[in-house]
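One file, protein.cif, carrying mmCIF, C-alpha atoms and all ligand atoms; chains and numbers go by the auth columns:
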data_protein
loop_
_atom_site.group_PDB
_atom_site.id
_atom_site.type_symbol
_atom_site.label_atom_id
_atom_site.label_comp_id
_atom_site.label_asym_id
_atom_site.label_seq_id
_atom_site.Cartn_x
_atom_site.Cartn_y
_atom_site.Cartn_z
_atom_site.B_iso_or_equiv
_atom_site.auth_seq_id
_atom_site.auth_asym_id
ATOM 1 C CA MET A 1 9.157 6.166 25.536 0.00 1 N
ATOM 2 C CA ALA A 2 8.173 2.519 25.240 0.00 2 N
ATOM 3 C CA ARG A 3 5.795 1.699 22.434 0.00 3 N
ATOM 4 C CA LYS A 4 2.418 0.577 23.765 0.00 4 N
ATOM 5 C CA PHE A 5 1.505 -3.009 22.911 0.00 5 N
ATOM 6 C CA PHE A 6 -1.349 -3.316 20.411 0.00 6 N
ATOM 7 C CA VAL A 7 -3.536 -6.334 19.690 0.00 7 N
ATOM 8 C CA GLY A 8 -5.999 -6.114 16.812 0.00 8 N
ATOM 9 C CA GLY A 9 -8.632 -8.744 16.124 0.00 9 N
ATOM 10 C CA ASN A 10 -9.602 -8.788 12.452 0.00 10 N
ATOM 11 C CA TRP A 11 -12.792 -10.798 12.143 0.00 11 N
ATOM 12 C CA LYS A 12 -12.747 -10.431 8.338 0.00 12 N
ATOM 13 C CA CYS A 13 -16.063 -11.479 6.726 0.00 13 N
ATOM 14 C CA ASN A 14 -17.172 -13.760 9.571 0.00 14 N
ATOM 15 C CA GLY A 15 -19.844 -13.918 12.244 0.00 15 N
ATOM 16 C CA THR A 16 -23.559 -13.902 12.935 0.00 16 N
ATOM 17 C CA SER A 17 -25.179 -11.550 15.425 0.00 17 N
ATOM 18 C CA ASP A 18 -25.411 -14.363 17.983 0.00 18 N
ATOM 19 C CA GLU A 19 -21.745 -15.271 17.537 0.00 19 N
ATOM 20 C CA VAL A 20 -20.749 -11.631 17.848 0.00 20 N
ATOM 21 C CA LYS A 21 -22.604 -11.288 21.160 0.00 21 N
ATOM 22 C CA LYS A 22 -20.984 -14.476 22.453 0.00 22 N
ATOM 23 C CA ILE A 23 -17.461 -13.317 21.609 0.00 23 N
ATOM 24 C CA ILE A 24 -18.085 -9.917 23.198 0.00 24 N
ATOM 25 C CA THR A 25 -19.400 -11.548 26.387 0.00 25 N
ATOM 26 C CA THR A 26 -16.236 -13.671 26.637 0.00 26 N
ATOM 27 C CA LEU A 27 -13.940 -10.704 25.979 0.00 27 N
ATOM 28 C CA ASN A 28 -15.788 -8.425 28.390 0.00 28 N
ATOM 29 C CA GLU A 29 -15.108 -10.894 31.198 0.00 29 N
ATOM 30 C CA ALA A 30 -11.417 -11.373 30.380 0.00 30 N
ATOM 31 C CA GLN A 31 -8.547 -10.295 32.595 0.00 31 N
ATOM 32 C CA VAL A 32 -6.138 -8.314 30.433 0.00 32 N
ATOM 33 C CA PRO A 33 -2.817 -6.622 31.186 0.00 33 N
ATOM 34 C CA GLY A 34 -3.785 -3.006 30.591 0.00 34 N
ATOM 35 C CA GLU A 35 -6.131 -0.524 28.989 0.00 35 N
ATOM 36 C CA ASP A 36 -6.289 0.497 25.340 0.00 36 N
ATOM 37 C CA VAL A 37 -4.404 -2.584 24.151 0.00 37 N
ATOM 38 C CA VAL A 38 -7.194 -4.244 22.171 0.00 38 N
ATOM 39 C CA VAL A 39 -8.923 -3.135 18.971 0.00 39 N
ATOM 40 C CA LEU A 40 -11.597 -5.383 17.461 0.00 40 N
ATOM 41 C CA SER A 41 -12.521 -5.174 13.822 0.00 41 N
ATOM 42 C CA PRO A 42 -15.871 -6.751 13.008 0.00 42 N
ATOM 43 C CA PRO A 43 -17.570 -6.467 9.609 0.00 43 N
ATOM 44 C CA PHE A 44 -19.240 -3.067 9.041 0.00 44 N
ATOM 45 C CA VAL A 45 -22.732 -4.360 9.816 0.00 45 N
ATOM 46 C CA PHE A 46 -21.697 -5.390 13.342 0.00 46 N
ATOM 47 C CA LEU A 47 -19.678 -2.278 14.213 0.00 47 N
ATOM 48 C CA ALA A 48 -22.475 -0.501 16.060 0.00 48 N
ATOM 49 C CA VAL A 49 -23.534 -3.533 18.085 0.00 49 N
ATOM 50 C CA VAL A 50 -19.928 -4.379 19.001 0.00 50 N
ATOM 51 C CA LYS A 51 -19.219 -0.798 20.000 0.00 51 N
ATOM 52 C CA GLY A 52 -22.392 -0.728 22.084 0.00 52 N
ATOM 53 C CA LEU A 53 -21.676 -3.942 23.982 0.00 53 N
ATOM 54 C CA LEU A 54 -17.902 -3.813 24.299 0.00 54 N
ATOM 55 C CA ARG A 55 -16.109 -2.827 27.511 0.00 55 N
ATOM 56 C CA PRO A 56 -14.762 0.743 27.369 0.00 56 N
ATOM 57 C CA ASP A 57 -11.068 -0.200 27.504 0.00 57 N
ATOM 58 C CA PHE A 58 -11.388 -2.162 24.215 0.00 58 N
ATOM 59 C CA HIS A 59 -11.860 -0.286 20.953 0.00 59 N
ATOM 60 C CA VAL A 60 -13.253 -0.947 17.484 0.00 60 N
ATOM 61 C CA ALA A 61 -11.947 -0.633 13.941 0.00 61 N
ATOM 62 C CA ALA A 62 -13.622 -0.818 10.553 0.00 62 N
ATOM 63 C CA GLN A 63 -11.995 -3.136 8.003 0.00 63 N
ATOM 64 C CA ASN A 64 -11.909 -0.587 5.189 0.00 64 N
ATOM 65 C CA CYS A 65 -13.264 2.792 4.130 0.00 65 N
ATOM 66 C CA TRP A 66 -13.705 4.795 0.958 0.00 66 N
ATOM 67 C CA VAL A 67 -10.707 6.633 -0.407 0.00 67 N
ATOM 68 C CA ARG A 68 -12.235 10.124 -0.357 0.00 68 N
ATOM 69 C CA LYS A 69 -15.298 12.006 0.828 0.00 69 N
ATOM 70 C CA GLY A 70 -18.512 9.980 0.576 0.00 70 N
ATOM 71 C CA GLY A 71 -21.112 10.489 -2.120 0.00 71 N
ATOM 72 C CA ALA A 72 -22.279 8.508 -5.147 0.00 72 N
ATOM 73 C CA PHE A 73 -20.161 5.415 -4.419 0.00 73 N
ATOM 74 C CA THR A 74 -22.566 2.504 -4.104 0.00 74 N
ATOM 75 C CA GLY A 75 -21.512 -0.089 -1.585 0.00 75 N
ATOM 76 C CA GLU A 76 -18.817 2.033 0.015 0.00 76 N
ATOM 77 C CA VAL A 77 -18.562 3.370 3.576 0.00 77 N
ATOM 78 C CA SER A 78 -16.849 6.714 4.102 0.00 78 N
ATOM 79 C CA ALA A 79 -14.353 7.801 6.721 0.00 79 N
ATOM 80 C CA GLU A 80 -16.851 10.542 7.699 0.00 80 N
ATOM 81 C CA MET A 81 -19.467 7.896 8.520 0.00 81 N
ATOM 82 C CA LEU A 82 -17.041 6.021 10.750 0.00 82 N
ATOM 83 C CA VAL A 83 -16.198 9.234 12.577 0.00 83 N
ATOM 84 C CA ASN A 84 -19.902 10.014 12.887 0.00 84 N
ATOM 85 C CA LEU A 85 -20.497 6.592 14.477 0.00 85 N
ATOM 86 C CA GLY A 86 -17.622 7.087 16.908 0.00 86 N
ATOM 87 C CA ILE A 87 -15.461 4.358 15.342 0.00 87 N
ATOM 88 C CA PRO A 88 -11.880 5.413 16.120 0.00 88 N
ATOM 89 C CA TRP A 89 -9.863 2.996 13.964 0.00 89 N
ATOM 90 C CA VAL A 90 -9.795 1.602 10.434 0.00 90 N
ATOM 91 C CA ILE A 91 -7.739 -1.210 8.873 0.00 91 N
ATOM 92 C CA LEU A 92 -6.488 -0.243 5.408 0.00 92 N
ATOM 93 C CA GLY A 93 -4.517 -2.094 2.763 0.00 93 N
ATOM 94 C CA HIS A 94 -5.135 -5.599 4.029 0.00 94 N
ATOM 95 C CA SER A 95 -3.524 -8.086 1.645 0.00 95 N
ATOM 96 C CA GLU A 96 -6.889 -9.703 0.952 0.00 96 N
ATOM 97 C CA ARG A 97 -8.042 -6.372 -0.481 0.00 97 N
ATOM 98 C CA ARG A 98 -4.734 -5.711 -2.231 0.00 98 N
ATOM 99 C CA GLN A 99 -4.840 -9.135 -3.870 0.00 99 N
ATOM 100 C CA LEU A 100 -8.528 -9.856 -4.439 0.00 100 N
ATOM 101 C CA LEU A 101 -9.677 -6.310 -5.173 0.00 101 N
ATOM 102 C CA ASN A 102 -6.473 -5.050 -6.782 0.00 102 N
ATOM 103 C CA GLU A 103 -5.873 -2.230 -4.314 0.00 103 N
ATOM 104 C CA SER A 104 -2.560 -0.671 -5.348 0.00 104 N
ATOM 105 C CA ASN A 105 0.079 0.873 -3.086 0.00 105 N
ATOM 106 C CA GLU A 106 -1.053 4.333 -4.240 0.00 106 N
ATOM 107 C CA PHE A 107 -4.739 3.655 -3.658 0.00 107 N
ATOM 108 C CA VAL A 108 -4.025 2.322 -0.159 0.00 108 N
ATOM 109 C CA ALA A 109 -1.824 5.342 0.558 0.00 109 N
ATOM 110 C CA ASP A 110 -4.594 7.703 -0.582 0.00 110 N
ATOM 111 C CA LYS A 111 -7.004 5.923 1.751 0.00 111 N
ATOM 112 C CA VAL A 112 -4.574 6.178 4.659 0.00 112 N
ATOM 113 C CA ALA A 113 -4.063 9.904 4.058 0.00 113 N
ATOM 114 C CA TYR A 114 -7.774 10.603 3.736 0.00 114 N
ATOM 115 C CA ALA A 115 -8.761 8.549 6.793 0.00 115 N
ATOM 116 C CA LEU A 116 -6.111 10.326 8.895 0.00 116 N
ATOM 117 C CA SER A 117 -7.292 13.712 7.625 0.00 117 N
ATOM 118 C CA GLN A 118 -10.764 12.897 8.955 0.00 118 N
ATOM 119 C CA GLY A 119 -9.398 12.007 12.397 0.00 119 N
ATOM 120 C CA LEU A 120 -9.376 8.208 12.150 0.00 120 N
ATOM 121 C CA LYS A 121 -6.498 6.120 13.420 0.00 121 N
ATOM 122 C CA VAL A 122 -5.168 3.683 10.841 0.00 122 N
ATOM 123 C CA ILE A 123 -3.842 0.141 10.925 0.00 123 N
ATOM 124 C CA ALA A 124 -1.966 0.087 7.606 0.00 124 N
ATOM 125 C CA CYS A 125 -1.166 -3.421 6.355 0.00 125 N
ATOM 126 C CA ILE A 126 1.882 -4.403 4.346 0.00 126 N
ATOM 127 C CA GLY A 127 3.550 -7.702 3.514 0.00 127 N
ATOM 128 C CA GLU A 128 5.120 -9.867 0.826 0.00 128 N
ATOM 129 C CA THR A 129 3.846 -12.942 -0.992 0.00 129 N
ATOM 130 C CA LEU A 130 5.653 -16.279 -0.817 0.00 130 N
ATOM 131 C CA GLU A 131 6.968 -15.731 -4.340 0.00 131 N
ATOM 132 C CA GLN A 132 8.427 -12.363 -3.340 0.00 132 N
ATOM 133 C CA ARG A 133 9.997 -13.823 -0.189 0.00 133 N
ATOM 134 C CA GLU A 134 11.566 -16.646 -2.189 0.00 134 N
ATOM 135 C CA ALA A 135 12.885 -14.105 -4.680 0.00 135 N
ATOM 136 C CA GLY A 136 14.623 -12.332 -1.774 0.00 136 N
ATOM 137 C CA ILE A 137 12.731 -9.063 -2.232 0.00 137 N
ATOM 138 C CA THR A 138 10.763 -8.937 1.031 0.00 138 N
ATOM 139 C CA LEU A 139 12.265 -5.661 2.229 0.00 139 N
ATOM 140 C CA ASN A 140 11.847 -4.014 -1.181 0.00 140 N
ATOM 141 C CA VAL A 141 8.167 -4.951 -1.192 0.00 141 N
ATOM 142 C CA VAL A 142 7.358 -3.709 2.307 0.00 142 N
ATOM 143 C CA ALA A 143 9.510 -0.607 1.774 0.00 143 N
ATOM 144 C CA GLU A 144 7.627 0.245 -1.448 0.00 144 N
ATOM 145 C CA GLN A 145 4.294 -0.213 0.334 0.00 145 N
ATOM 146 C CA THR A 146 5.470 1.986 3.206 0.00 146 N
ATOM 147 C CA LYS A 147 7.059 4.534 0.861 0.00 147 N
ATOM 148 C CA ALA A 148 3.730 5.069 -0.921 0.00 148 N
ATOM 149 C CA ILE A 149 2.143 5.893 2.439 0.00 149 N
ATOM 150 C CA ALA A 150 5.080 8.036 3.594 0.00 150 N
ATOM 151 C CA ALA A 151 4.769 10.132 0.428 0.00 151 N
ATOM 152 C CA LYS A 152 1.218 11.112 1.360 0.00 152 N
ATOM 153 C CA ILE A 153 1.282 11.659 5.110 0.00 153 N
ATOM 154 C CA SER A 154 3.377 13.844 7.375 0.00 154 N
ATOM 155 C CA ASN A 155 2.188 12.747 10.801 0.00 155 N
ATOM 156 C CA TRP A 156 2.546 9.111 11.856 0.00 156 N
ATOM 157 C CA ASP A 157 1.118 9.503 15.376 0.00 157 N
ATOM 158 C CA ASN A 158 -2.138 7.791 14.435 0.00 158 N
ATOM 159 C CA VAL A 159 -0.668 5.025 12.299 0.00 159 N
ATOM 160 C CA VAL A 160 0.097 1.449 13.295 0.00 160 N
ATOM 161 C CA LEU A 161 1.923 -0.601 10.645 0.00 161 N
ATOM 162 C CA ALA A 162 0.833 -4.226 10.408 0.00 162 N
ATOM 163 C CA TYR A 163 3.420 -6.490 8.815 0.00 163 N
ATOM 164 C CA GLU A 164 1.471 -9.450 7.521 0.00 164 N
ATOM 165 C CA PRO A 165 3.372 -11.807 5.230 0.00 165 N
ATOM 166 C CA VAL A 166 0.766 -13.096 2.791 0.00 166 N
ATOM 167 C CA TRP A 167 2.120 -16.646 3.021 0.00 167 N
ATOM 168 C CA ALA A 168 1.422 -16.683 6.753 0.00 168 N
ATOM 169 C CA ILE A 169 -2.166 -15.436 6.615 0.00 169 N
ATOM 170 C CA GLY A 170 -4.719 -18.138 7.329 0.00 170 N
ATOM 171 C CA THR A 171 -2.221 -20.865 6.442 0.00 171 N
ATOM 172 C CA GLY A 172 -1.051 -21.988 9.876 0.00 172 N
ATOM 173 C CA LYS A 173 2.498 -21.162 8.670 0.00 173 N
ATOM 174 C CA VAL A 174 3.428 -18.484 11.164 0.00 174 N
ATOM 175 C CA ALA A 175 6.631 -16.518 10.586 0.00 175 N
ATOM 176 C CA THR A 176 9.293 -17.616 13.028 0.00 176 N
ATOM 177 C CA PRO A 177 10.097 -15.020 15.696 0.00 177 N
ATOM 178 C CA ALA A 178 13.442 -14.468 13.925 0.00 178 N
ATOM 179 C CA GLN A 179 11.785 -13.983 10.523 0.00 179 N
ATOM 180 C CA ALA A 180 9.298 -11.485 11.940 0.00 180 N
ATOM 181 C CA GLN A 181 11.950 -9.624 13.933 0.00 181 N
ATOM 182 C CA GLU A 182 14.201 -9.356 10.864 0.00 182 N
ATOM 183 C CA VAL A 183 11.516 -7.664 8.763 0.00 183 N
ATOM 184 C CA HIS A 184 10.337 -5.432 11.610 0.00 184 N
ATOM 185 C CA ALA A 185 13.903 -4.292 12.306 0.00 185 N
ATOM 186 C CA ASP A 186 14.645 -3.729 8.590 0.00 186 N
ATOM 187 C CA LEU A 187 11.450 -1.757 8.234 0.00 187 N
ATOM 188 C CA ARG A 188 12.222 0.361 11.266 0.00 188 N
ATOM 189 C CA LYS A 189 15.653 1.052 9.800 0.00 189 N
ATOM 190 C CA TRP A 190 14.045 2.011 6.483 0.00 190 N
ATOM 191 C CA ILE A 191 11.697 4.391 8.322 0.00 191 N
ATOM 192 C CA HIS A 192 14.663 5.856 10.196 0.00 192 N
ATOM 193 C CA GLU A 193 16.423 6.583 6.905 0.00 193 N
ATOM 194 C CA HIS A 194 13.432 7.714 4.846 0.00 194 N
ATOM 195 C CA VAL A 195 10.962 9.233 7.298 0.00 195 N
ATOM 196 C CA SER A 196 12.637 10.224 10.587 0.00 196 N
ATOM 197 C CA ALA A 197 14.387 8.872 13.649 0.00 197 N
ATOM 198 C CA ASP A 198 11.417 9.914 15.786 0.00 198 N
ATOM 199 C CA VAL A 199 8.876 8.021 13.705 0.00 199 N
ATOM 200 C CA ALA A 200 11.169 4.979 13.548 0.00 200 N
ATOM 201 C CA ALA A 201 11.376 4.942 17.337 0.00 201 N
ATOM 202 C CA SER A 202 7.706 5.554 18.017 0.00 202 N
ATOM 203 C CA VAL A 203 5.700 3.839 15.285 0.00 203 N
ATOM 204 C CA ARG A 204 4.229 0.532 16.315 0.00 204 N
ATOM 205 C CA ILE A 205 4.915 -2.345 13.946 0.00 205 N
ATOM 206 C CA ILE A 206 2.638 -5.278 14.678 0.00 206 N
ATOM 207 C CA TYR A 207 2.765 -8.758 13.178 0.00 207 N
ATOM 208 C CA GLY A 208 -0.080 -10.706 11.585 0.00 208 N
ATOM 209 C CA GLY A 209 -0.297 -14.182 10.075 0.00 209 N
ATOM 210 C CA SER A 210 -1.318 -17.383 11.893 0.00 210 N
ATOM 211 C CA VAL A 211 -0.800 -15.901 15.349 0.00 211 N
ATOM 212 C CA ASN A 212 -2.349 -18.097 18.039 0.00 212 N
ATOM 213 C CA GLY A 213 -2.324 -18.658 21.776 0.00 213 N
ATOM 214 C CA GLY A 214 0.656 -21.006 21.446 0.00 214 N
ATOM 215 C CA ASN A 215 3.046 -18.851 19.427 0.00 215 N
ATOM 216 C CA SER A 216 2.195 -15.302 20.544 0.00 216 N
ATOM 217 C CA LYS A 217 4.458 -15.134 23.594 0.00 217 N
ATOM 218 C CA GLU A 218 7.665 -15.922 21.765 0.00 218 N
ATOM 219 C CA LEU A 219 6.777 -13.535 18.951 0.00 219 N
ATOM 220 C CA ALA A 220 5.896 -10.794 21.446 0.00 220 N
ATOM 221 C CA GLY A 221 9.367 -11.165 22.955 0.00 221 N
ATOM 222 C CA GLN A 222 10.996 -9.818 19.788 0.00 222 N
ATOM 223 C CA PRO A 223 12.242 -6.267 20.359 0.00 223 N
ATOM 224 C CA ASP A 224 10.784 -4.685 17.213 0.00 224 N
ATOM 225 C CA LEU A 225 7.437 -6.441 17.407 0.00 225 N
ATOM 226 C CA ASP A 226 4.849 -4.232 19.114 0.00 226 N
ATOM 227 C CA GLY A 227 1.779 -6.419 18.984 0.00 227 N
ATOM 228 C CA PHE A 228 -0.402 -8.396 16.627 0.00 228 N
ATOM 229 C CA LEU A 229 -3.125 -8.302 14.042 0.00 229 N
ATOM 230 C CA VAL A 230 -4.945 -11.572 14.570 0.00 230 N
ATOM 231 C CA GLY A 231 -7.395 -13.162 12.144 0.00 231 N
ATOM 232 C CA GLY A 232 -8.812 -16.625 12.853 0.00 232 N
ATOM 233 C CA ALA A 233 -7.727 -16.832 16.495 0.00 233 N
ATOM 234 C CA SER A 234 -9.421 -13.505 17.295 0.00 234 N
ATOM 235 C CA LEU A 235 -12.762 -15.297 17.011 0.00 235 N
ATOM 236 C CA LYS A 236 -11.782 -17.814 19.672 0.00 236 N
ATOM 237 C CA PRO A 237 -11.196 -17.670 23.438 0.00 237 N
ATOM 238 C CA GLU A 238 -7.431 -18.078 22.826 0.00 238 N
ATOM 239 C CA PHE A 239 -7.480 -14.426 21.709 0.00 239 N
ATOM 240 C CA ILE A 240 -7.297 -13.631 25.430 0.00 240 N
ATOM 241 C CA ASP A 241 -3.982 -15.528 25.678 0.00 241 N
ATOM 242 C CA ILE A 242 -2.686 -13.528 22.726 0.00 242 N
ATOM 243 C CA ILE A 243 -3.706 -10.266 24.424 0.00 243 N
ATOM 244 C CA ASN A 244 -1.929 -11.410 27.570 0.00 244 N
ATOM 245 C CA SER A 245 1.318 -12.018 25.707 0.00 245 N
ATOM 246 C CA ALA A 246 1.700 -8.237 26.136 0.00 246 N
ATOM 247 C CA THR A 247 3.076 -9.017 29.608 0.00 247 N
ATOM 248 C CA VAL A 248 6.274 -10.290 27.939 0.00 248 N
ATOM 249 C CA LYS A 249 7.147 -6.668 27.181 0.00 249 N
ATOM 250 C CA LYS A 250 6.911 -5.598 30.788 0.00 250 N
ATOM 251 C CA ASN A 251 9.729 -7.827 32.026 0.00 251 N
HETATM 252 O O1 LIG B . -4.921 -11.454 8.055 0.00 301 F
HETATM 253 C C1 LIG B . -4.743 -11.547 9.256 0.00 301 F
HETATM 254 C C2 LIG B . -5.105 -10.450 10.165 0.00 301 F
HETATM 255 O O2 LIG B . -5.395 -9.282 9.467 0.00 301 F
HETATM 256 C C3 LIG B . -4.171 -12.775 9.853 0.00 301 F
HETATM 257 O O3 LIG B . -5.064 -13.799 9.679 0.00 301 F
HETATM 258 P P1 LIG B . -4.806 -15.202 10.451 0.00 301 F
HETATM 259 O O4 LIG B . -4.485 -14.849 11.874 0.00 301 F
HETATM 260 O O5 LIG B . -6.124 -15.928 10.313 0.00 301 F
HETATM 261 O O6 LIG B . -3.675 -15.857 9.754 0.00 301 F
#

Show this structure as structure tokens.
Ligand SMILES: O=C(CO)COP(=O)(O)O
Amino acid sequence: MARKFFVGGNWKCNGTSDEVKKIITTLNEAQVPGEDVVVLSPPFVFLAVVKGLLRPDFHVAAQNCWVRKGGAFTGEVSAEMLVNLGIPWVILGHSERRQLLNESNEFVADKVAYALSQGLKVIACIGETLEQREAGITLNVVAEQTKAIAAKISNWDNVVLAYEPVWAIGTGKVATPAQAQEVHADLRKWIHEHVSADVAASVRIIYGGSVNGGNSKELAGQPDLDGFLVGGASLKPEFIDIINSATVKKN
């Protein structure tokens, strides 16, 4: 079965309530190629308003959640709370959290396992730094990140893997379609060998890092690339062009 195209919009720590309403109005009016393609991830404080205003064929994701059951963890938001609010998705292991907040492969994997156990769907982020790419260890890095997750989960149905090379995030230096395809294909091969042929065939691997309305079509044409996780451009009208690059897959 073909893997369904997936476009995530990660708003990161951006937006005011007026801006949020404006973006939602634009997106609600957009013509898009199909249902259940788009998942928007606003900051926690805007989740309820976005969910309330957003068209029903678009979905929402939190940008993080606590690693275990909630309780005395000041400042954290639990997976249970997201479920209670009807938030279906969560982004975990984003490189900004791995790098700035020292989230380790194991900690991210624990979060993924716990979020899945509570019924959330997970966008699990992986990716190498420029230094690691230049050292020729890109596959080792993304395989280690994926291995940590694979060790803690047995069902991949509700996981989307987001390959986001750190050097491409917010830099304007998008991976070339060939660079992205190479990592996606290597990763799929790694999953085939270390998880299962079924998971390798069915898991969606999306690309993130300086995706915009101008480069999304060519990237979307790569066989192992199943969509995008978009940062900056997801706050702009060109996000609609990125969503529509899904049509490349239908040819
Ligand atoms: O980090 C990203 C999405 O999670 C990508 O960010 P940019 O699209 O702004 O490079």

Spatial neighbours of region 223-239 of chain N, 8 Å, all atoms listed in the file, chain gap at least 4 places, as a PyMOL selection string: chain N and resi 3-12+23+26-27+162+169-170+180-181+184-185+188+204-213+219+243+246

Target residues per the PyMOL selection byres (((chain N and resi 190) around 12) and not hetatm), formatted as a ChimeraX atom specification: /N:139-147,150,183-189,191-197,199-201

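Distance-wise, CA of Val90 (chain N) and CA of Ala48 (chain N) end up 14.0 Å apart.
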
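Distance annotation: of N:Gly221, N:Pro177, N:Gly127, N:Pro56, the residue with the minimal separation from ligand LIG 301 (chain F) is N:Gly127; atom set is only C-alpha atoms and all ligand atoms.
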
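For the pair CA of Leu47 (chain N) and CA of Glu128 (chain N), the interatomic distance is 29.2 Å.
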
Quick one: 5 Å padding each side, axis-aligned, all listed atoms of ligand LIG 301 (chain F) - centre and edge lengths in Å to one decimal, as AutoDock Vina command-line options?
--center_x -4.9 --center_y -12.6 --center_z 10.0 --size_x 12.4 --size_y 16.6 --size_z 13.8

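CA of Ala124 (chain N) is positioned 21.3 Å from CA of Lys51 (chain N).
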
Contact residues around Asn105 (chain N) with only C-alpha atoms at 10 Å, ignoring same-chain residues under 2 positions, as a list of chain:residue names: N:Gly93, N:Arg98, N:Asn102, N:Glu103, N:Phe107, N:Val108, N:Ala109, N:Asp110, N:Lys111, N:Ile126, N:Glu144, N:Gln145, N:Thr146, N:Lys147, N:Ala148, N:Ile149

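The residue that comes closest to Ser202 (chain N), out of N:Ala2, N:Cys13, N:Asn155, N:Gln63 and on the basis of only C-alpha atoms, is N:Ala2.
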
Answer key for the PyMOL selection byres (((chain N and resi 44) around 9) and not hetatm), residues as a PyMOL selection string: chain N and resi 41-43+45-48+62-64+77

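Each of N:Arg133, N:Lys249, N:His94, N:His59 was compared to ligand LIG 301 (chain F) using all atoms listed in the file, and N:His94 turns out to be the nearest.
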
Within 7 Å of Glu76 (chain N) using only C-alpha atoms, minus same-chain residues under 3 positions, as a PyMOL selection string: chain N and resi 65-66+73

Next, dump the selected residues to file, keeping only C-alpha atoms, as a JSON list (two decimals), in the frame of the given file.
[["chain", "number", "residue", "atom", "x", "y", "z"],
["N", 65, "CYS", "CA", -13.26, 2.79, 4.13],
["N", 66, "TRP", "CA", -13.70, 4.80, 0.96],
["N", 73, "PHE", "CA", -20.16, 5.42, -4.42]]

Nearby residues (all atoms listed in the file) at most 12 Å from Glu80 (chain N), same-chain spacing under 3 positions excluded, as a list in words: Cys65, Trp66, Val67, Arg68, Lys69, Gly70, Gly71, Glu76, Val77, Val83, Asn84, Leu85, Gly86, Ile87, Pro88, Val90, Tyr114, Ala115, Leu116, Ser117, Gln118, Gly119 and Leu120 of chain N

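Using all atoms listed in the file for every distance, the candidate list N:Ala113, N:Ile91, N:Val32, N:Ala135 yields N:Ile91 as the residue closest to ligand LIG 301 (chain F).
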
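Distance annotation: of N:Gly52, N:Gly172, N:Gly34, N:Gly75, the residue with the minimal separation from ligand LIG 301 (chain F) is N:Gly172; atom set is only C-alpha atoms and all ligand atoms.
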
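Each of N:Glu96, N:Asp241, N:Glu182, N:Asp157 was compared to ligand LIG 301 (chain F) using only C-alpha atoms and all ligand atoms, and N:Glu96 turns out to be the nearest.
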